[in-house]
Structures are given as C-alpha cells and as structure tokens.
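Trainee: Data: model.txt, compact mmCIF, N, CA and C atoms.
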```txt
# COMPACT_ATOMS: atom_id res chain seq x y z
N MET A 3 1.29 34.76 34.39
CA MET A 3 2.70 35.11 34.39
C MET A 3 3.25 35.07 32.97
N ASP A 4 2.79 34.11 32.19
CA ASP A 4 3.29 33.98 30.83
C ASP A 4 3.03 35.26 30.04
N VAL A 5 1.86 35.82 30.21
CA VAL A 5 1.53 37.08 29.51
C VAL A 5 2.50 38.17 29.93
N LEU A 6 2.76 38.28 31.21
CA LEU A 6 3.67 39.33 31.70
C LEU A 6 5.10 39.09 31.24
N TYR A 7 5.53 37.84 31.19
CA TYR A 7 6.88 37.56 30.69
C TYR A 7 6.99 37.91 29.21
N ARG A 8 5.96 37.62 28.43
CA ARG A 8 6.01 37.91 27.00
C ARG A 8 5.93 39.41 26.73
N LYS A 9 5.05 40.12 27.43
CA LYS A 9 4.86 41.54 27.18
C LYS A 9 5.77 42.44 28.01
N GLU A 10 6.30 41.92 29.10
CA GLU A 10 7.12 42.64 30.08
C GLU A 10 6.29 43.50 31.02
N THR A 11 5.28 44.21 30.50
CA THR A 11 4.35 44.96 31.35
C THR A 11 2.96 44.84 30.73
N ALA A 12 1.94 44.85 31.60
CA ALA A 12 0.57 44.76 31.09
C ALA A 12 -0.42 45.20 32.16
N THR A 13 -1.52 45.75 31.73
CA THR A 13 -2.63 46.04 32.64
C THR A 13 -3.45 44.77 32.81
N ALA A 14 -4.36 44.79 33.77
CA ALA A 14 -5.24 43.63 33.97
C ALA A 14 -6.04 43.33 32.71
N ALA A 15 -6.51 44.39 32.04
CA ALA A 15 -7.29 44.20 30.82
C ALA A 15 -6.44 43.56 29.72
N GLU A 16 -5.18 43.97 29.61
CA GLU A 16 -4.29 43.39 28.60
C GLU A 16 -3.99 41.92 28.90
N VAL A 17 -3.82 41.61 30.19
CA VAL A 17 -3.61 40.21 30.58
C VAL A 17 -4.84 39.40 30.18
N MET A 18 -6.01 39.90 30.51
CA MET A 18 -7.25 39.21 30.20
C MET A 18 -7.41 38.99 28.70
N GLU A 19 -7.08 39.98 27.88
CA GLU A 19 -7.20 39.87 26.42
C GLU A 19 -6.34 38.74 25.86
N ARG A 20 -5.24 38.45 26.51
CA ARG A 20 -4.29 37.48 25.97
C ARG A 20 -4.47 36.07 26.54
N LEU A 21 -5.42 35.89 27.43
CA LEU A 21 -5.70 34.56 27.97
C LEU A 21 -6.61 33.81 27.01
N PRO A 22 -6.34 32.53 26.77
CA PRO A 22 -7.14 31.78 25.80
C PRO A 22 -8.61 31.63 26.19
N ASP A 23 -8.90 31.39 27.44
CA ASP A 23 -10.28 31.26 27.90
C ASP A 23 -10.38 32.08 29.19
N PRO A 24 -10.42 33.40 29.06
CA PRO A 24 -10.27 34.25 30.24
C PRO A 24 -11.46 34.19 31.20
N PRO A 25 -11.13 34.24 32.49
CA PRO A 25 -12.21 34.41 33.48
C PRO A 25 -12.67 35.87 33.42
N GLY A 26 -13.51 36.26 34.33
CA GLY A 26 -13.96 37.65 34.36
C GLY A 26 -12.85 38.60 34.79
N TYR A 27 -13.07 39.87 34.53
CA TYR A 27 -12.08 40.89 34.85
C TYR A 27 -11.73 40.89 36.34
N SER A 28 -12.73 40.75 37.20
CA SER A 28 -12.46 40.77 38.65
C SER A 28 -11.61 39.56 39.06
N ALA A 29 -11.79 38.43 38.40
CA ALA A 29 -10.97 37.25 38.71
C ALA A 29 -9.52 37.49 38.29
N VAL A 30 -9.31 38.13 37.15
CA VAL A 30 -7.94 38.45 36.70
C VAL A 30 -7.30 39.41 37.68
N ARG A 31 -8.04 40.43 38.11
CA ARG A 31 -7.51 41.39 39.09
C ARG A 31 -7.15 40.67 40.40
N ALA A 32 -8.00 39.76 40.83
CA ALA A 32 -7.74 39.02 42.07
C ALA A 32 -6.48 38.18 41.93
N LEU A 33 -6.32 37.52 40.80
CA LEU A 33 -5.12 36.71 40.57
C LEU A 33 -3.87 37.59 40.56
N LEU A 34 -3.93 38.74 39.91
CA LEU A 34 -2.79 39.66 39.89
C LEU A 34 -2.46 40.14 41.31
N ARG A 35 -3.48 40.40 42.10
CA ARG A 35 -3.27 40.83 43.49
C ARG A 35 -2.56 39.72 44.28
N ILE A 36 -2.99 38.48 44.10
CA ILE A 36 -2.36 37.35 44.79
C ILE A 36 -0.91 37.20 44.36
N LEU A 37 -0.66 37.28 43.05
CA LEU A 37 0.72 37.19 42.55
C LEU A 37 1.59 38.31 43.12
N GLU A 38 1.00 39.48 43.27
CA GLU A 38 1.75 40.60 43.85
C GLU A 38 2.02 40.37 45.33
N GLN A 39 1.05 39.87 46.06
CA GLN A 39 1.23 39.58 47.49
C GLN A 39 2.32 38.54 47.70
N LYS A 40 2.43 37.60 46.77
CA LYS A 40 3.46 36.55 46.87
C LYS A 40 4.81 37.02 46.37
N GLY A 41 4.87 38.24 45.82
CA GLY A 41 6.14 38.79 45.38
C GLY A 41 6.55 38.41 43.97
N HIS A 42 5.65 37.83 43.20
CA HIS A 42 5.98 37.42 41.84
C HIS A 42 5.90 38.57 40.84
N ILE A 43 5.03 39.53 41.15
CA ILE A 43 4.87 40.70 40.28
C ILE A 43 4.79 41.95 41.14
N ARG A 44 4.88 43.09 40.49
CA ARG A 44 4.65 44.37 41.16
C ARG A 44 3.87 45.25 40.18
N HIS A 45 3.43 46.39 40.67
CA HIS A 45 2.71 47.28 39.76
C HIS A 45 3.20 48.71 39.92
N GLU A 46 2.99 49.48 38.88
CA GLU A 46 3.20 50.92 38.90
C GLU A 46 1.91 51.55 38.40
N GLU A 47 1.61 52.73 38.90
CA GLU A 47 0.41 53.41 38.43
C GLU A 47 0.81 54.36 37.30
N LYS A 48 0.18 54.18 36.16
CA LYS A 48 0.44 55.03 34.99
C LYS A 48 -0.88 55.47 34.40
N ALA A 49 -1.06 56.76 34.31
CA ALA A 49 -2.29 57.34 33.75
C ALA A 49 -3.53 56.76 34.42
N GLY A 50 -3.46 56.59 35.74
CA GLY A 50 -4.60 56.11 36.50
C GLY A 50 -4.86 54.62 36.40
N ARG A 51 -3.96 53.88 35.75
CA ARG A 51 -4.14 52.43 35.62
C ARG A 51 -2.95 51.73 36.24
N TYR A 52 -3.20 50.55 36.79
CA TYR A 52 -2.11 49.73 37.31
C TYR A 52 -1.48 48.97 36.15
N VAL A 53 -0.17 49.08 36.06
CA VAL A 53 0.58 48.34 35.05
C VAL A 53 1.45 47.34 35.82
N PHE A 54 1.28 46.06 35.50
CA PHE A 54 1.95 44.99 36.23
C PHE A 54 3.17 44.50 35.47
N MET A 55 4.18 44.05 36.24
CA MET A 55 5.40 43.50 35.65
C MET A 55 5.96 42.44 36.57
N PRO A 56 6.66 41.44 36.02
CA PRO A 56 7.26 40.39 36.85
C PRO A 56 8.40 40.95 37.69
N THR A 57 8.59 40.39 38.86
CA THR A 57 9.72 40.79 39.71
C THR A 57 10.84 39.76 39.67
N VAL A 58 10.54 38.59 39.15
CA VAL A 58 11.50 37.49 39.11
C VAL A 58 11.80 37.19 37.64
N ARG A 59 13.08 37.03 37.34
CA ARG A 59 13.46 36.67 35.98
C ARG A 59 12.81 35.36 35.57
N ARG A 60 12.49 35.24 34.32
CA ARG A 60 11.81 34.05 33.82
C ARG A 60 12.60 32.78 34.11
N GLU A 61 13.92 32.81 33.95
CA GLU A 61 14.75 31.62 34.20
C GLU A 61 14.65 31.16 35.65
N LYS A 62 14.67 32.10 36.58
CA LYS A 62 14.57 31.75 38.00
C LYS A 62 13.18 31.18 38.30
N ALA A 63 12.16 31.78 37.74
CA ALA A 63 10.79 31.29 37.95
C ALA A 63 10.63 29.90 37.36
N LYS A 64 11.25 29.67 36.21
CA LYS A 64 11.18 28.36 35.56
C LYS A 64 11.80 27.28 36.44
N ARG A 65 12.98 27.57 36.99
CA ARG A 65 13.65 26.60 37.86
C ARG A 65 12.82 26.31 39.10
N SER A 66 12.26 27.35 39.68
CA SER A 66 11.44 27.18 40.88
C SER A 66 10.20 26.34 40.57
N ALA A 67 9.57 26.59 39.44
CA ALA A 67 8.37 25.83 39.06
C ALA A 67 8.71 24.36 38.82
N ILE A 68 9.85 24.10 38.18
CA ILE A 68 10.26 22.72 37.93
C ILE A 68 10.52 22.00 39.25
N ARG A 69 11.24 22.67 40.18
CA ARG A 69 11.50 22.06 41.49
C ARG A 69 10.18 21.72 42.18
N HIS A 70 9.24 22.64 42.14
CA HIS A 70 7.94 22.41 42.77
C HIS A 70 7.21 21.25 42.10
N LEU A 71 7.22 21.20 40.78
CA LEU A 71 6.59 20.13 40.03
C LEU A 71 7.19 18.77 40.39
N VAL A 72 8.51 18.69 40.41
CA VAL A 72 9.19 17.43 40.73
C VAL A 72 8.86 17.01 42.16
N GLN A 73 8.89 17.95 43.08
CA GLN A 73 8.58 17.64 44.48
C GLN A 73 7.13 17.18 44.65
N THR A 74 6.22 17.87 44.00
CA THR A 74 4.79 17.60 44.17
C THR A 74 4.32 16.32 43.50
N PHE A 75 4.74 16.12 42.26
CA PHE A 75 4.19 15.01 41.48
C PHE A 75 5.10 13.81 41.33
N PHE A 76 6.39 13.98 41.65
CA PHE A 76 7.34 12.88 41.44
C PHE A 76 8.14 12.57 42.70
N ASP A 77 7.59 12.93 43.86
CA ASP A 77 8.22 12.64 45.15
C ASP A 77 9.68 13.09 45.20
N GLY A 78 9.97 14.20 44.54
CA GLY A 78 11.31 14.76 44.57
C GLY A 78 12.31 14.06 43.67
N SER A 79 11.86 13.15 42.81
CA SER A 79 12.76 12.37 41.97
C SER A 79 12.86 12.97 40.56
N PRO A 80 14.01 13.57 40.24
CA PRO A 80 14.20 14.07 38.87
C PRO A 80 14.13 12.93 37.85
N GLU A 81 14.62 11.75 38.24
CA GLU A 81 14.57 10.60 37.33
C GLU A 81 13.13 10.28 36.93
N GLU A 82 12.24 10.27 37.91
CA GLU A 82 10.83 9.99 37.62
C GLU A 82 10.24 11.05 36.70
N ALA A 83 10.59 12.31 36.94
CA ALA A 83 10.08 13.39 36.11
C ALA A 83 10.57 13.26 34.67
N VAL A 84 11.85 13.00 34.49
CA VAL A 84 12.41 12.84 33.14
C VAL A 84 11.79 11.63 32.46
N ALA A 85 11.65 10.54 33.19
CA ALA A 85 11.04 9.33 32.62
C ALA A 85 9.62 9.62 32.16
N ALA A 86 8.86 10.38 32.94
CA ALA A 86 7.49 10.72 32.56
C ALA A 86 7.49 11.58 31.30
N LEU A 87 8.42 12.50 31.21
CA LEU A 87 8.50 13.35 30.02
C LEU A 87 8.85 12.52 28.78
N LEU A 88 9.79 11.62 28.93
CA LEU A 88 10.22 10.81 27.79
C LEU A 88 9.17 9.78 27.41
N ASP A 89 8.53 9.15 28.40
CA ASP A 89 7.50 8.16 28.12
C ASP A 89 6.26 8.80 27.50
N GLY A 90 5.95 10.00 27.93
CA GLY A 90 4.74 10.66 27.46
C GLY A 90 4.95 11.52 26.23
N SER A 91 6.16 11.52 25.71
CA SER A 91 6.44 12.36 24.55
C SER A 91 5.65 11.88 23.35
N SER A 92 4.85 12.80 22.79
CA SER A 92 4.03 12.42 21.64
C SER A 92 4.86 12.39 20.36
N SER A 93 6.03 12.97 20.40
CA SER A 93 6.89 12.92 19.22
C SER A 93 8.25 12.40 19.62
N LYS A 94 8.93 11.87 18.67
CA LYS A 94 10.27 11.34 18.93
C LYS A 94 11.25 12.50 19.05
N LEU A 95 12.24 12.32 19.91
CA LEU A 95 13.28 13.33 20.05
C LEU A 95 14.23 13.26 18.86
N SER A 96 14.68 14.43 18.43
CA SER A 96 15.63 14.48 17.32
C SER A 96 17.02 14.11 17.83
N GLN A 97 17.90 13.81 16.91
CA GLN A 97 19.27 13.48 17.30
C GLN A 97 19.94 14.63 18.05
N PRO A 98 19.80 15.88 17.61
CA PRO A 98 20.40 16.99 18.39
C PRO A 98 19.82 17.08 19.82
N GLU A 99 18.53 16.81 19.97
CA GLU A 99 17.93 16.84 21.31
C GLU A 99 18.50 15.71 22.17
N LEU A 100 18.63 14.53 21.58
CA LEU A 100 19.21 13.40 22.32
C LEU A 100 20.67 13.70 22.70
N ASP A 101 21.41 14.30 21.78
CA ASP A 101 22.81 14.67 22.06
C ASP A 101 22.89 15.66 23.21
N ARG A 102 21.99 16.64 23.22
CA ARG A 102 21.97 17.65 24.30
C ARG A 102 21.64 16.99 25.64
N LEU A 103 20.68 16.08 25.64
CA LEU A 103 20.34 15.36 26.86
C LEU A 103 21.53 14.54 27.35
N GLN A 104 22.24 13.90 26.43
CA GLN A 104 23.42 13.12 26.81
C GLN A 104 24.49 14.02 27.42
N GLN A 105 24.68 15.21 26.86
CA GLN A 105 25.65 16.16 27.43
C GLN A 105 25.26 16.54 28.86
N LEU A 106 23.97 16.77 29.09
CA LEU A 106 23.51 17.12 30.44
C LEU A 106 23.71 15.97 31.42
N ILE A 107 23.47 14.75 30.96
CA ILE A 107 23.68 13.57 31.80
C ILE A 107 25.15 13.42 32.13
N ASP A 108 26.01 13.58 31.11
CA ASP A 108 27.46 13.48 31.33
C ASP A 108 27.93 14.53 32.33
N LYS A 109 27.41 15.74 32.21
CA LYS A 109 27.78 16.82 33.13
C LYS A 109 27.33 16.48 34.56
N ALA A 110 26.13 15.93 34.69
CA ALA A 110 25.62 15.56 36.01
C ALA A 110 26.47 14.45 36.63
N ARG A 111 26.93 13.53 35.81
CA ARG A 111 27.79 12.44 36.31
C ARG A 111 29.10 12.97 36.85
N LYS A 112 29.60 14.04 36.24
CA LYS A 112 30.87 14.65 36.66
C LYS A 112 30.66 15.62 37.83
N GLY A 113 29.46 15.67 38.36
CA GLY A 113 29.17 16.55 39.49
C GLY A 113 28.98 18.01 39.09
N GLY A 114 28.58 18.23 37.85
CA GLY A 114 28.33 19.60 37.39
C GLY A 114 29.56 20.32 36.89
N ARG A 115 30.72 19.65 36.94
CA ARG A 115 31.94 20.30 36.43
C ARG A 115 31.93 20.27 34.91
N LYS A 116 32.56 21.26 34.32
CA LYS A 116 32.66 21.31 32.84
C LYS A 116 33.78 20.47 32.36
```
What would you get if you wrote out this structure as structure tokens?
Mentor:
Amino acid sequence: MDVLYRKETATAAEVMERLPDPPGYSAVRALLRILEQKGHIRHEEKAGRYVFMPTVRREKAKRSAIRHLVQTFFDGSPEEAVAALLDGSSSKLSQPELDRLQQLIDKARKGGRK
C-alpha cells in the first residue's frame, strides 16, 4: 500500500521494484488481488497491463490501521499504545513534539472541543 500511496498508481512490476526485499512476481500479484478483493485498491487496464491505485485516502487508512493496532496489541487501550511508543522511543522527543502532544492531550480532556 505504501508504494501505491507514494506513486498514486503502479503496475505489479512497479510495486515489486520498490519493495526492499520483494517476494516473487506471482506473490506480489496475489497480494494485489487480495487487497483489491478487500476493497483497498482497484485496477484499470491500460495498454494491456493492470494499473493499481488505492481506493481509500491515506489518512483514513492510517486511522483504521492505528485502531486495529491498538485493538490487537494493546487490548483497545490508547494509553497503553502511547506508553509503548514513548517508552520504546530510541530518540528523545523535541520540545515542539512535546508541545504538540500536550495540545492533543488538552483537546482530549475537553472532549475534542477546540
């Protein structure tokens, strides 16, 4: 999906070229077929080749993936997920990053109101 989000459209061969340790071509095609069956991507035929593109905006997919991650690995607890991110951070957060996190916490305390 990352390849398709970055390029916007790609053939199976183009997806494979951009993977760091790509599986075989048939495995990439199978994965694209599964993603299409699940509604994450679609294809158009151009010059006899399938060109794939995402059907879901990156922001929506990101939120869905985070919800799934929190549910699967942190028993649905955003606090546990954030704690794991902060505890496992290999680098210290900058002051602007800490300020942004504080703003998000303040907003959450107010019930999402601005």
Trainee: One decimal, in Å: what's the spacing between atom CA of A:Glu99 and atom CA of A:Phe76?
Mentor: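 Distance between the two atoms: 23.1 Å.
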Trainee: Write out as a list in words all residues of stretch 21-68 of chain A that DSSP puts in strand (DSSP E) for this structure's backbone.
Mentor: Ile43, Arg44, His45, Glu46, Glu47, Lys48, Arg51, Tyr52, Val53, Phe54, Met55 and Pro56 of chain A
Trainee: Between atom CA of A:His42 and atom CA of A:Leu106, what distance in Å does the model show, to one decimal?
Mentor: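 Going from atom CA of A:His42 over to atom CA of A:Leu106 covers 29.1 Å.
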Trainee: From the set A:Val5, A:Pro80, A:Ile68, A:Gln73, which residue has the shortest atom-to-atom contact distance to A:Glu19, counting only C-alpha atoms?
Mentor: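 Closest to A:Glu19, using only C-alpha atoms: A:Val5.
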Trainee: Quote the spacing between atom C of A:Ile36 and atom N of A:Pro56 in Å to one decimal place.
Mentor: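 Straight-line distance from atom C of A:Ile36 to atom N of A:Pro56 works out to 12.0 Å.
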Trainee: Would you kindly return, as a PyMOL selection string, each protein, DNA or RNA residue with an atom no farther than 12 Å from any atom of A:Thr57, considering only C-alpha atoms and excluding same-chain residues fewer than 2 positions away?
Mentor: chain A and resi 3+6-7+10-11+37-45+54-55+59-63
Trainee: Pick from A:Met18, A:Ala12, A:Tyr27, A:Gln105: nearest to A:Glu47, with only C-alpha atoms counted?
Mentor: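 Going through A:Met18, A:Ala12, A:Tyr27, A:Gln105 one by one, the smallest distance to A:Glu47 is for A:Ala12.
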Trainee: Since fewer atoms than expected are present, regenerate N, CA, C and O atoms for stretch 64-81 of chain A and write them as an mmCIF file, keeping the file's coordinate frame.
Mentor:
```cif
data_model
loop_
_atom_site.group_PDB
_atom_site.id
_atom_site.type_symbol
_atom_site.label_atom_id
_atom_site.label_comp_id
_atom_site.auth_asym_id
_atom_site.auth_seq_id
_atom_site.Cartn_x
_atom_site.Cartn_y
_atom_site.Cartn_z
ATOM 1 N N LYS A 64 11.250 29.670 36.210
ATOM 2 C CA LYS A 64 11.180 28.360 35.560
ATOM 3 C C LYS A 64 11.800 27.280 36.440
ATOM 4 O O LYS A 64 11.230 26.213 36.640
ATOM 5 N N ARG A 65 12.980 27.570 36.990
ATOM 6 C CA ARG A 65 13.650 26.600 37.860
ATOM 7 C C ARG A 65 12.820 26.310 39.100
ATOM 8 O O ARG A 65 12.691 25.167 39.530
ATOM 9 N N SER A 66 12.260 27.350 39.680
ATOM 10 C CA SER A 66 11.440 27.180 40.880
ATOM 11 C C SER A 66 10.200 26.340 40.570
ATOM 12 O O SER A 66 9.820 25.456 41.351
ATOM 13 N N ALA A 67 9.570 26.590 39.440
ATOM 14 C CA ALA A 67 8.370 25.830 39.060
ATOM 15 C C ALA A 67 8.710 24.360 38.820
ATOM 16 O O ALA A 67 7.957 23.477 39.235
ATOM 17 N N ILE A 68 9.850 24.100 38.180
ATOM 18 C CA ILE A 68 10.260 22.720 37.930
ATOM 19 C C ILE A 68 10.520 22.000 39.250
ATOM 20 O O ILE A 68 10.102 20.863 39.450
ATOM 21 N N ARG A 69 11.240 22.670 40.180
ATOM 22 C CA ARG A 69 11.500 22.060 41.490
ATOM 23 C C ARG A 69 10.180 21.720 42.180
ATOM 24 O O ARG A 69 10.037 20.633 42.750
ATOM 25 N N HIS A 70 9.240 22.640 42.140
ATOM 26 C CA HIS A 70 7.940 22.410 42.770
ATOM 27 C C HIS A 70 7.210 21.250 42.100
ATOM 28 O O HIS A 70 6.634 20.382 42.778
ATOM 29 N N LEU A 71 7.220 21.200 40.780
ATOM 30 C CA LEU A 71 6.590 20.130 40.030
ATOM 31 C C LEU A 71 7.190 18.770 40.390
ATOM 32 O O LEU A 71 6.466 17.808 40.662
ATOM 33 N N VAL A 72 8.510 18.690 40.410
ATOM 34 C CA VAL A 72 9.190 17.430 40.730
ATOM 35 C C VAL A 72 8.860 17.010 42.160
ATOM 36 O O VAL A 72 8.567 15.839 42.414
ATOM 37 N N GLN A 73 8.890 17.950 43.080
ATOM 38 C CA GLN A 73 8.580 17.640 44.480
ATOM 39 C C GLN A 73 7.130 17.180 44.650
ATOM 40 O O GLN A 73 6.859 16.194 45.326
ATOM 41 N N THR A 74 6.220 17.870 44.000
ATOM 42 C CA THR A 74 4.790 17.600 44.170
ATOM 43 C C THR A 74 4.320 16.320 43.500
ATOM 44 O O THR A 74 3.603 15.523 44.088
ATOM 45 N N PHE A 75 4.740 16.120 42.260
ATOM 46 C CA PHE A 75 4.190 15.010 41.480
ATOM 47 C C PHE A 75 5.100 13.810 41.330
ATOM 48 O O PHE A 75 4.664 12.737 40.928
ATOM 49 N N PHE A 76 6.390 13.980 41.650
ATOM 50 C CA PHE A 76 7.340 12.880 41.440
ATOM 51 C C PHE A 76 8.140 12.570 42.700
ATOM 52 O O PHE A 76 9.238 12.027 42.625
ATOM 53 N N ASP A 77 7.590 12.930 43.860
ATOM 54 C CA ASP A 77 8.220 12.640 45.150
ATOM 55 C C ASP A 77 9.680 13.090 45.200
ATOM 56 O O ASP A 77 10.529 12.416 45.767
ATOM 57 N N GLY A 78 9.970 14.200 44.540
ATOM 58 C CA GLY A 78 11.310 14.760 44.570
ATOM 59 C C GLY A 78 12.310 14.060 43.670
ATOM 60 O O GLY A 78 13.503 14.347 43.717
ATOM 61 N N SER A 79 11.860 13.150 42.810
ATOM 62 C CA SER A 79 12.760 12.370 41.970
ATOM 63 C C SER A 79 12.860 12.970 40.560
ATOM 64 O O SER A 79 11.934 12.828 39.753
ATOM 65 N N PRO A 80 14.010 13.570 40.240
ATOM 66 C CA PRO A 80 14.200 14.070 38.870
ATOM 67 C C PRO A 80 14.130 12.930 37.850
ATOM 68 O O PRO A 80 13.626 13.108 36.744
ATOM 69 N N GLU A 81 14.620 11.750 38.240
ATOM 70 C CA GLU A 81 14.570 10.600 37.330
ATOM 71 C C GLU A 81 13.130 10.280 36.930
ATOM 72 O O GLU A 81 12.840 10.044 35.751
#
```
